[in-house]
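The structure file upload-v6.txt is reproduced below (compact mmCIF, C-alpha atoms).
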```
# COMPACT_ATOMS: atom_id res chain seq x y z
CA MET A 1 -7.70 35.37 10.33
CA GLY A 2 -3.98 35.01 11.01
CA ARG A 3 -0.93 37.20 10.51
CA ARG A 4 2.73 36.18 10.66
CA GLU A 5 5.03 38.10 12.93
CA GLY A 6 8.80 37.89 12.92
CA ARG A 7 11.42 37.42 10.23
CA GLY A 8 12.68 34.52 8.14
CA CYS A 9 11.53 31.08 9.17
CA SER A 10 11.03 32.08 12.78
CA TRP A 11 7.51 33.32 13.09
CA VAL A 12 4.44 32.97 15.23
CA LEU A 13 0.80 33.11 14.33
CA ARG A 14 -1.18 35.92 15.90
CA VAL A 15 -4.92 35.36 15.77
CA ILE A 16 -6.86 38.49 15.02
CA PHE A 17 -10.46 38.62 16.16
CA ILE A 18 -12.36 40.91 13.83
CA PRO A 19 -15.52 42.57 15.11
CA GLU A 20 -18.59 41.34 13.33
CA SER A 21 -19.28 44.78 11.91
CA GLU A 22 -15.89 44.75 10.13
CA ARG A 23 -16.03 41.21 8.81
CA LEU A 24 -16.18 40.52 5.11
CA ASN A 25 -19.48 38.98 4.07
CA LEU A 26 -18.29 37.16 1.00
CA GLY A 27 -20.89 34.44 0.70
CA ASP A 28 -18.62 31.71 -0.71
CA TRP A 29 -14.98 30.85 -1.35
CA GLU A 30 -15.12 32.02 -4.94
CA ALA A 31 -15.92 35.56 -3.86
CA ALA A 32 -13.03 35.47 -1.39
CA ALA A 33 -10.63 34.19 -4.06
CA GLU A 34 -11.56 37.04 -6.40
CA LYS A 35 -10.43 39.68 -3.89
CA GLU A 36 -6.88 40.84 -3.42
CA ARG A 37 -5.05 38.82 -0.80
CA PHE A 38 -6.10 39.99 2.66
CA ALA A 39 -4.48 37.29 4.86
CA ASP A 40 -1.44 35.02 4.93
CA ALA A 41 -3.30 31.71 4.97
CA VAL A 42 -6.66 30.09 4.44
CA ILE A 43 -8.33 27.02 5.90
CA ILE A 44 -10.19 24.96 3.31
CA ALA A 45 -12.87 22.73 4.81
CA THR A 46 -15.28 22.46 1.91
CA PRO A 47 -16.81 19.06 0.96
CA ASP A 48 -14.23 16.56 -0.30
CA ARG A 49 -15.16 16.93 -3.97
CA LEU A 50 -14.71 20.71 -3.67
CA HIS A 51 -11.16 20.71 -2.31
CA LYS A 52 -9.16 21.09 -5.51
CA ALA A 53 -10.74 24.23 -6.98
CA PRO A 54 -10.39 26.51 -3.92
CA ALA A 55 -6.93 25.10 -3.13
CA VAL A 56 -5.64 25.96 -6.59
CA ALA A 57 -7.35 29.35 -6.61
CA PHE A 58 -5.99 30.46 -3.23
CA ALA A 59 -2.52 29.11 -4.01
CA GLN A 60 -2.47 31.27 -7.14
CA LYS A 61 -3.34 34.25 -4.93
CA GLY A 62 -0.34 33.53 -2.71
CA TYR A 63 -2.15 32.12 0.32
CA SER A 64 -0.60 29.35 2.34
CA ILE A 65 -3.18 26.60 2.78
CA LEU A 66 -4.37 24.37 5.59
CA LEU A 67 -6.37 21.79 3.64
CA GLU A 68 -8.78 19.35 5.25
CA LYS A 69 -8.23 15.71 4.31
CA PRO A 70 -8.48 14.24 1.77
CA MET A 71 -6.40 16.59 -0.37
CA ALA A 72 -8.73 15.78 -3.30
CA VAL A 73 -10.78 12.86 -4.59
CA THR A 74 -8.58 11.84 -7.55
CA PRO A 75 -4.80 11.46 -7.95
CA GLU A 76 -4.85 13.98 -10.81
CA ASP A 77 -6.55 16.62 -8.65
CA CYS A 78 -4.04 16.01 -5.83
CA GLN A 79 -1.17 16.53 -8.26
CA GLU A 80 -2.72 19.75 -9.54
CA VAL A 81 -3.03 21.11 -5.99
CA VAL A 82 0.62 20.30 -5.29
CA ARG A 83 1.78 21.90 -8.54
CA ALA A 84 -0.19 25.08 -7.80
CA CYS A 85 1.34 25.38 -4.32
CA GLN A 86 4.86 24.67 -5.58
CA SER A 87 4.68 27.10 -8.49
CA ASN A 88 3.40 29.88 -6.20
CA ASN A 89 5.82 29.03 -3.39
CA VAL A 90 3.13 28.70 -0.71
CA ILE A 91 2.85 26.29 2.20
CA LEU A 92 0.42 23.38 1.84
CA SER A 93 -0.48 21.40 4.93
CA VAL A 94 -3.07 18.61 4.86
CA CYS A 95 -5.03 17.98 8.05
CA HIS A 96 -4.59 14.44 9.31
CA VAL A 97 -5.79 15.24 12.79
CA LEU A 98 -5.72 11.68 14.13
CA GLN A 99 -1.99 11.40 13.43
CA TYR A 100 -1.31 12.92 16.85
CA HIS A 101 -4.32 11.45 18.63
CA PRO A 102 -3.30 9.44 21.73
CA VAL A 103 -4.90 6.29 20.32
CA ALA A 104 -3.07 6.63 16.98
CA ILE A 105 0.23 7.26 18.75
CA LYS A 106 -0.35 4.18 20.91
CA ILE A 107 -0.50 1.99 17.79
CA LYS A 108 3.22 2.55 17.31
CA PRO A 109 4.91 0.56 20.07
CA LYS A 110 6.87 2.52 22.64
CA GLY A 111 10.57 2.17 21.98
CA ALA A 112 10.25 1.54 18.24
CA ALA A 113 13.28 2.62 16.23
CA SER A 114 13.98 3.24 12.57
CA ARG A 115 16.08 0.04 12.36
CA CYS A 116 14.69 -3.26 13.56
CA LEU A 117 17.94 -4.51 15.12
CA ASP A 118 18.14 -1.34 17.23
CA CYS A 119 14.55 -1.54 18.46
CA VAL A 120 14.01 -2.32 22.14
CA VAL A 121 10.65 -4.01 21.39
CA GLU A 122 12.02 -6.14 18.56
CA GLU A 123 11.65 -9.36 20.56
CA SER A 124 7.88 -8.96 20.89
CA CYS A 125 7.30 -7.48 17.42
CA PRO A 126 5.46 -9.84 15.02
CA TYR A 127 7.30 -8.22 12.08
CA SER A 128 10.79 -8.61 13.53
CA ALA A 129 13.38 -8.77 10.75
CA LYS A 130 15.65 -10.58 13.17
CA LYS A 131 13.14 -13.44 13.49
CA ILE A 132 12.18 -13.51 9.82
CA TYR A 133 15.68 -13.39 8.37
CA LEU A 134 18.50 -13.62 10.91
CA GLU A 135 17.14 -16.52 12.96
CA ARG A 136 16.59 -18.52 9.77
CA GLY A 137 20.17 -17.82 8.73
CA LYS A 138 21.49 -18.98 12.08
CA GLN A 139 19.72 -22.28 11.45
CA GLY A 140 21.56 -22.60 8.14
CA ASN A 141 18.55 -21.62 6.02
CA PHE A 142 19.72 -19.06 3.47
CA SER A 143 17.07 -19.83 0.86
CA TRP A 144 14.10 -17.55 0.17
CA PRO A 145 13.20 -15.19 1.81
CA VAL A 146 16.65 -14.81 3.41
CA SER A 147 18.40 -14.94 0.03
CA VAL A 148 16.82 -11.67 -1.19
CA VAL A 149 18.20 -9.66 1.74
CA CYS A 150 21.87 -10.02 0.82
CA SER A 151 22.08 -8.08 -2.43
CA ASN A 152 25.81 -8.67 -2.81
CA GLY A 153 25.18 -12.35 -3.58
CA LYS A 154 26.99 -13.53 -0.46
CA CYS A 155 24.77 -15.09 2.19
CA ASP A 156 26.26 -15.68 5.60
CA ILE A 157 25.51 -14.39 9.08
CA GLU A 158 27.91 -11.45 8.82
CA SER A 159 26.63 -10.18 5.47
CA LEU A 160 23.03 -10.82 6.51
CA THR A 161 23.46 -8.82 9.73
CA GLU A 162 25.13 -6.00 7.79
CA ALA A 163 22.26 -5.94 5.29
CA LEU A 164 19.68 -5.74 8.07
CA ARG A 165 21.59 -2.89 9.74
CA HIS A 166 21.88 -0.77 6.61
CA GLY A 167 19.61 -2.20 3.90
CA PRO A 168 15.88 -1.81 3.22
CA TYR A 169 14.85 -5.13 4.79
CA GLY A 170 16.07 -4.03 8.23
CA ARG A 171 13.83 -0.99 8.52
CA CYS A 172 11.16 -0.89 11.21
CA VAL A 173 7.73 -1.53 9.66
CA TYR A 174 6.30 1.33 11.70
CA GLU A 175 8.80 3.74 10.13
CA CYS A 176 8.86 2.15 6.68
CA ASP A 177 7.58 3.65 3.42
CA ASN A 178 6.87 0.24 1.90
CA ASP A 179 3.43 0.42 0.26
CA VAL A 180 3.27 -3.13 -1.10
CA VAL A 181 -0.18 -4.56 -0.46
CA THR A 182 -0.58 -7.39 2.05
CA ASN A 183 -3.99 -8.45 0.75
CA GLN A 184 -5.24 -8.11 -2.81
CA VAL A 185 -8.30 -9.37 -4.69
CA VAL A 186 -8.69 -8.84 -8.46
CA ASN A 187 -11.77 -10.00 -10.37
CA MET A 188 -11.45 -10.35 -14.15
CA GLU A 189 -13.82 -11.17 -17.00
CA PHE A 190 -12.47 -12.42 -20.34
CA GLU A 191 -13.93 -12.36 -23.82
CA GLY A 192 -16.37 -15.22 -24.10
CA GLY A 193 -17.65 -14.84 -20.55
CA ALA A 194 -14.99 -16.75 -18.61
CA THR A 195 -14.18 -15.16 -15.25
CA ALA A 196 -11.16 -15.36 -12.95
CA ALA A 197 -10.50 -14.26 -9.39
CA PHE A 198 -6.95 -13.57 -8.23
CA THR A 199 -6.36 -13.45 -4.46
CA MET A 200 -3.04 -12.67 -2.85
CA ILE A 201 -2.51 -12.86 0.92
CA ALA A 202 0.87 -12.12 2.47
CA PHE A 203 0.37 -13.57 5.92
CA THR A 204 -0.05 -17.30 5.43
CA LYS A 205 1.49 -20.34 7.06
CA LYS A 206 3.15 -21.51 3.86
CA LEU A 207 5.09 -18.54 2.51
CA GLY A 208 5.17 -18.29 -1.25
CA GLU A 209 2.63 -21.03 -1.87
CA ARG A 210 0.76 -20.59 -5.14
CA LYS A 211 -2.36 -22.44 -6.17
CA THR A 212 -4.37 -22.25 -9.39
CA THR A 213 -7.84 -23.76 -9.75
CA ILE A 214 -9.80 -23.86 -13.01
CA TYR A 215 -13.50 -24.79 -12.99
CA GLY A 216 -14.44 -26.03 -16.45
CA THR A 217 -17.59 -27.54 -17.87
CA LYS A 218 -16.38 -31.10 -17.32
CA VAL A 219 -13.54 -31.07 -14.79
CA ASN A 220 -11.86 -29.22 -11.98
CA GLN A 221 -8.20 -28.60 -12.66
CA GLN A 222 -5.95 -27.58 -9.79
CA ASP A 223 -2.27 -27.30 -9.03
CA GLY A 224 -0.83 -26.86 -5.57
CA ALA A 225 -3.22 -29.27 -3.88
CA TYR A 226 -0.27 -31.61 -3.57
CA PRO A 227 3.26 -30.22 -3.82
CA SER A 228 4.24 -29.89 -7.49
CA PHE A 229 1.25 -31.89 -8.76
CA LEU A 230 -1.50 -31.09 -11.24
CA THR A 231 -4.84 -32.53 -10.10
CA ILE A 232 -7.77 -33.22 -12.46
CA LYS A 233 -11.19 -34.12 -11.07
CA PRO A 234 -13.92 -34.94 -13.64
CA PHE A 235 -17.48 -34.03 -12.67
CA ASN A 236 -19.43 -36.78 -14.39
CA SER A 237 -17.17 -39.84 -14.40
CA VAL A 238 -18.60 -42.91 -12.64
CA PRO A 239 -16.93 -43.77 -10.43
CA GLN A 240 -15.27 -40.38 -9.96
CA LYS A 241 -11.61 -40.62 -10.74
CA THR A 242 -8.96 -38.12 -9.68
CA GLU A 243 -5.81 -37.98 -11.77
CA PHE A 244 -2.44 -36.56 -10.70
CA TYR A 245 0.33 -35.34 -12.97
CA HIS A 246 3.81 -34.32 -11.90
CA PRO A 247 5.24 -31.30 -13.82
CA LEU A 248 8.41 -33.27 -14.59
CA TYR A 249 6.26 -35.54 -16.77
CA ILE A 250 4.32 -32.71 -18.37
CA GLY A 251 7.13 -30.42 -19.53
CA THR A 252 5.89 -28.53 -22.60
CA ILE A 253 2.46 -27.04 -23.19
CA ALA A 254 1.78 -29.68 -25.83
CA GLN A 255 2.54 -32.46 -23.35
CA TYR A 256 0.41 -30.64 -20.77
CA GLU A 257 -2.57 -30.58 -23.12
CA GLU A 258 -2.02 -34.23 -23.97
CA ALA A 259 -2.08 -35.07 -20.26
CA LEU A 260 -5.42 -33.33 -19.90
CA GLY A 261 -6.83 -35.10 -22.95
CA ASP A 262 -10.29 -34.79 -24.37
CA GLN A 263 -11.94 -34.53 -20.98
CA THR A 264 -11.02 -30.83 -20.72
CA SER A 265 -11.90 -29.81 -24.26
CA ASP A 266 -14.86 -27.78 -23.04
CA THR A 267 -13.27 -26.27 -19.96
CA ALA A 268 -12.85 -22.56 -19.45
CA GLN A 269 -9.36 -21.51 -20.48
```

Final structure tokens representation of the file:
Amino acid sequence: MGRREGRGCSWVLRVIFIPESERLNLGDWEAAAEKERFADAVIIATPDRLHKAPAVAFAQKGYSILLEKPMAVTPEDCQEVVRACQSNNVILSVCHVLQYHPVAIKIKPKGAASRCLDCVVEESCPYSAKKIYLERGKQGNFSWPVSVVCSNGKCDIESLTEALRHGPYGRCVYECDNDVVTNQVVNMEFEGGATAAFTMIAFTKKLGERKTTIYGTKVNQQDGAYPSFLTIKPFNSVPQKTEFYHPLYIGTIAQYEEALGDQTSDTAQ
């Protein structure tokens, strides 16, 4: 059990060792939560699915809480724990013990800074904003992805450098709060039984390349196999014939369907 000593925000934790004869034999956390508050803080290390209930109960009693990770097993339960601690003005600290483990600390390169251009290890960093954006600009390439960095609509070396020094794209990835996924797979099933799989991978040789493949009952239909071309490969034609269509000659959906013709009438949409 711990007691705070001192005033205001300056306090230390004094550990009190209670003789076994004086210890409370409560049996479970519910019994402890029913009693009047007898300590400043509690440590909750129940199974993951039993984190929310004791956390809310002890927060309502005025205990500060050291909560073992995960906070809870659903986003709704996590939000309820936070609300209970905020409304009762108690401290909530979640145990992420490996955050300060030597191995975890080593993952962040020595010399990393909050801004990429100020980082001493920028040159060897695979996520260097200087390489991704500034070096492209110096070569005269201000198209995507460089174009999105300069939010003022003006793309030159000076404005690009300024944006990397002060804007979101110049932050160090090891200090960044960006939670955009780098790899995503979504499997879908439509009415009628047709299925689709969507895969997104950030780290590819050809940035921004998109490819769609449809496997029908008579043909394969694919775009992206050749730049800006639609490719149709029938299964049962003899000899097998591959047809290519450029989007400039397809235009509208009606023209697109006409290009596909009867051979795709039974394909999955």

Worksheet entry | Minimum-distance residue to Val120 of chain A, chosen among A:Val219, A:Cys172, A:Ala33, A:Ala39 (using all atoms listed in the file) | A:Cys172

So for segment 176-189 of chain A, what box centre and size do we get, axis-aligned, 6 Å extra on each of the six sides, every listed atom, Å to one decimal, as JSON?
```
{"center_x": -2.5, "center_y": -3.8, "center_z": -5.2, "size_x": 34.7, "size_y": 26.8, "size_z": 35.7}
```

Worksheet entry | Computed interatomic separation between atom CA of Arg136 of chain A and atom CA of Cys119 of chain A (Å) |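 Calculated distance between atom CA of Arg136 of chain A and atom CA of Cys119 of chain A is 19.2 Å.
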
Discussion item. Taking 6 positions as the minimum chain separation for residues in the same chain, which residues sit within 9 Å of segment 159-171 of chain A when counting all atoms listed in the file? Answer as a list in words.
Written reply: Ala113, Ser114, Arg115, Cys116, Leu117, Asp118, Ser128, Ala129, Lys130, Tyr133, Leu134, Gly137, Val146, Ser147, Val149, Cys150, Ser151 and Asn152 of chain A

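As for atom CA of Leu66 of chain A and atom CA of Ile91 of chain A, they are spaced 8.2 Å apart.
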
Discussion item. Nearest residue to Asp40 of chain A out of A:Val90, A:Ile232, A:Cys78, A:Ala53, using only C-alpha atoms?
Written reply: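 Closest to Asp40 of chain A of all the choices is A:Val90.
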
Item to complete: Record the distance separating atom CA of Asp77 of chain A and atom CA of Ala57 of chain A, expressed in Å with one decimal.
Response: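 According to the coordinates, atom CA of Asp77 of chain A and atom CA of Ala57 of chain A are separated by 12.9 Å.
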
Discussion item. Need the shell around segment 93-96 of chain A: protein/DNA/RNA residues with any atom at most 7 Å away, counting all atoms listed in the file. Skip same-chain ones fewer than 4 positions apart. Format as JSON, numbers by chain?
Written reply: {"A": [65, 66, 67, 68, 69, 71]}

Discussion item. My list of candidates is A:Ser64, A:Asn220, A:Thr46, A:Glu36. Which is closest to Leu92 of chain A when distances are computed with all atoms listed in the file?
Written reply: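 The closest residue to Leu92 of chain A is A:Ser64.
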
Discussion item. Measuring between only C-alpha atoms, which one of A:Gly216, A:Gly140, A:Pro234, A:Pro54 shows the shortest distance to Cys85 of chain A?
Written reply: A:Pro54

Worksheet item: Between A:Phe203, A:Pro70, A:Lys211, A:Gly193, which one has atoms that come closest to Pro126 of chain A, using all atoms listed in the file?
Response: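 Among the listed residues, A:Phe203 lies closest to Pro126 of chain A.
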
Could you extract segment 66-87 of chain A of the given structure into a file holding N, CA, C and O atoms, as a CSV table (one decimal), in the first residue's frame?
```csv
chain,number,residue,atom,x,y,z
A,66,LEU,N,-3.1,2.5,-11.2
A,66,LEU,CA,-2.1,2.0,-12.1
A,66,LEU,C,-2.7,0.8,-12.7
A,66,LEU,O,-2.9,-0.3,-12.1
A,67,LEU,N,-3.0,0.9,-14.0
A,67,LEU,CA,-3.7,-0.2,-14.7
A,67,LEU,C,-2.9,-0.9,-15.7
A,67,LEU,O,-2.2,-0.4,-16.5
A,68,GLU,N,-2.9,-2.2,-15.5
A,68,GLU,CA,-2.1,-3.1,-16.4
A,68,GLU,C,-2.6,-3.0,-17.8
A,68,GLU,O,-3.8,-2.8,-18.0
A,69,LYS,N,-1.8,-3.1,-18.8
A,69,LYS,CA,-2.2,-3.0,-20.2
A,69,LYS,C,-2.9,-4.4,-20.6
A,69,LYS,O,-2.5,-5.4,-20.0
A,70,PRO,N,-3.8,-4.4,-21.5
A,70,PRO,CA,-4.4,-3.2,-22.1
A,70,PRO,C,-5.4,-2.6,-21.2
A,70,PRO,O,-5.9,-3.2,-20.2
A,71,MET,N,-5.7,-1.3,-21.5
A,71,MET,CA,-6.7,-0.6,-20.6
A,71,MET,C,-8.0,-1.4,-20.5
A,71,MET,O,-8.6,-1.5,-19.4
A,72,ALA,N,-8.5,-1.9,-21.6
A,72,ALA,CA,-9.7,-2.7,-21.7
A,72,ALA,C,-9.7,-3.4,-23.0
A,72,ALA,O,-8.7,-3.2,-23.8
A,73,VAL,N,-10.7,-4.2,-23.3
A,73,VAL,CA,-10.7,-5.0,-24.5
A,73,VAL,C,-11.6,-4.5,-25.6
A,73,VAL,O,-11.6,-5.0,-26.7
A,74,THR,N,-12.3,-3.4,-25.3
A,74,THR,CA,-13.0,-2.7,-26.4
A,74,THR,C,-12.8,-1.2,-26.3
A,74,THR,O,-12.6,-0.7,-25.2
A,75,PRO,N,-13.0,-0.5,-27.4
A,75,PRO,CA,-12.8,1.0,-27.4
A,75,PRO,C,-13.8,1.6,-26.4
A,75,PRO,O,-13.5,2.6,-25.7
A,76,GLU,N,-15.1,1.1,-26.4
A,76,GLU,CA,-16.1,1.7,-25.5
A,76,GLU,C,-15.7,1.5,-24.0
A,76,GLU,O,-15.9,2.5,-23.3
A,77,ASP,N,-15.2,0.4,-23.7
A,77,ASP,CA,-14.7,0.2,-22.3
A,77,ASP,C,-13.6,1.1,-21.9
A,77,ASP,O,-13.5,1.6,-20.8
A,78,CYS,N,-12.7,1.3,-22.9
A,78,CYS,CA,-11.5,2.2,-22.6
A,78,CYS,C,-12.1,3.6,-22.4
A,78,CYS,O,-11.6,4.3,-21.4
A,79,GLN,N,-13.0,4.1,-23.2
A,79,GLN,CA,-13.6,5.4,-23.0
A,79,GLN,C,-14.3,5.5,-21.7
A,79,GLN,O,-14.2,6.6,-21.0
A,80,GLU,N,-15.0,4.5,-21.2
A,80,GLU,CA,-15.7,4.5,-20.0
A,80,GLU,C,-14.7,4.7,-18.8
A,80,GLU,O,-14.9,5.4,-17.8
A,81,VAL,N,-13.5,4.0,-18.9
A,81,VAL,CA,-12.5,4.1,-17.9
A,81,VAL,C,-12.0,5.5,-17.8
A,81,VAL,O,-11.8,6.1,-16.7
A,82,VAL,N,-11.7,6.1,-18.9
A,82,VAL,CA,-11.2,7.4,-19.0
A,82,VAL,C,-12.2,8.4,-18.4
A,82,VAL,O,-11.8,9.3,-17.6
A,83,ARG,N,-13.4,8.3,-18.8
A,83,ARG,CA,-14.5,9.2,-18.3
A,83,ARG,C,-14.6,9.1,-16.8
A,83,ARG,O,-14.7,10.1,-16.1
A,84,ALA,N,-14.5,7.9,-16.2
A,84,ALA,CA,-14.6,7.7,-14.8
A,84,ALA,C,-13.5,8.4,-14.0
A,84,ALA,O,-13.6,9.0,-13.0
A,85,CYS,N,-12.3,8.3,-14.6
A,85,CYS,CA,-11.1,8.9,-14.0
A,85,CYS,C,-11.1,10.4,-14.1
A,85,CYS,O,-10.8,11.1,-13.1
A,86,GLN,N,-11.6,10.9,-15.2
A,86,GLN,CA,-11.7,12.3,-15.4
A,86,GLN,C,-12.7,12.9,-14.5
A,86,GLN,O,-12.5,14.0,-13.9
A,87,SER,N,-13.9,12.3,-14.4
A,87,SER,CA,-15.0,12.9,-13.6
A,87,SER,C,-14.7,12.8,-12.1
A,87,SER,O,-15.2,13.6,-11.4
```
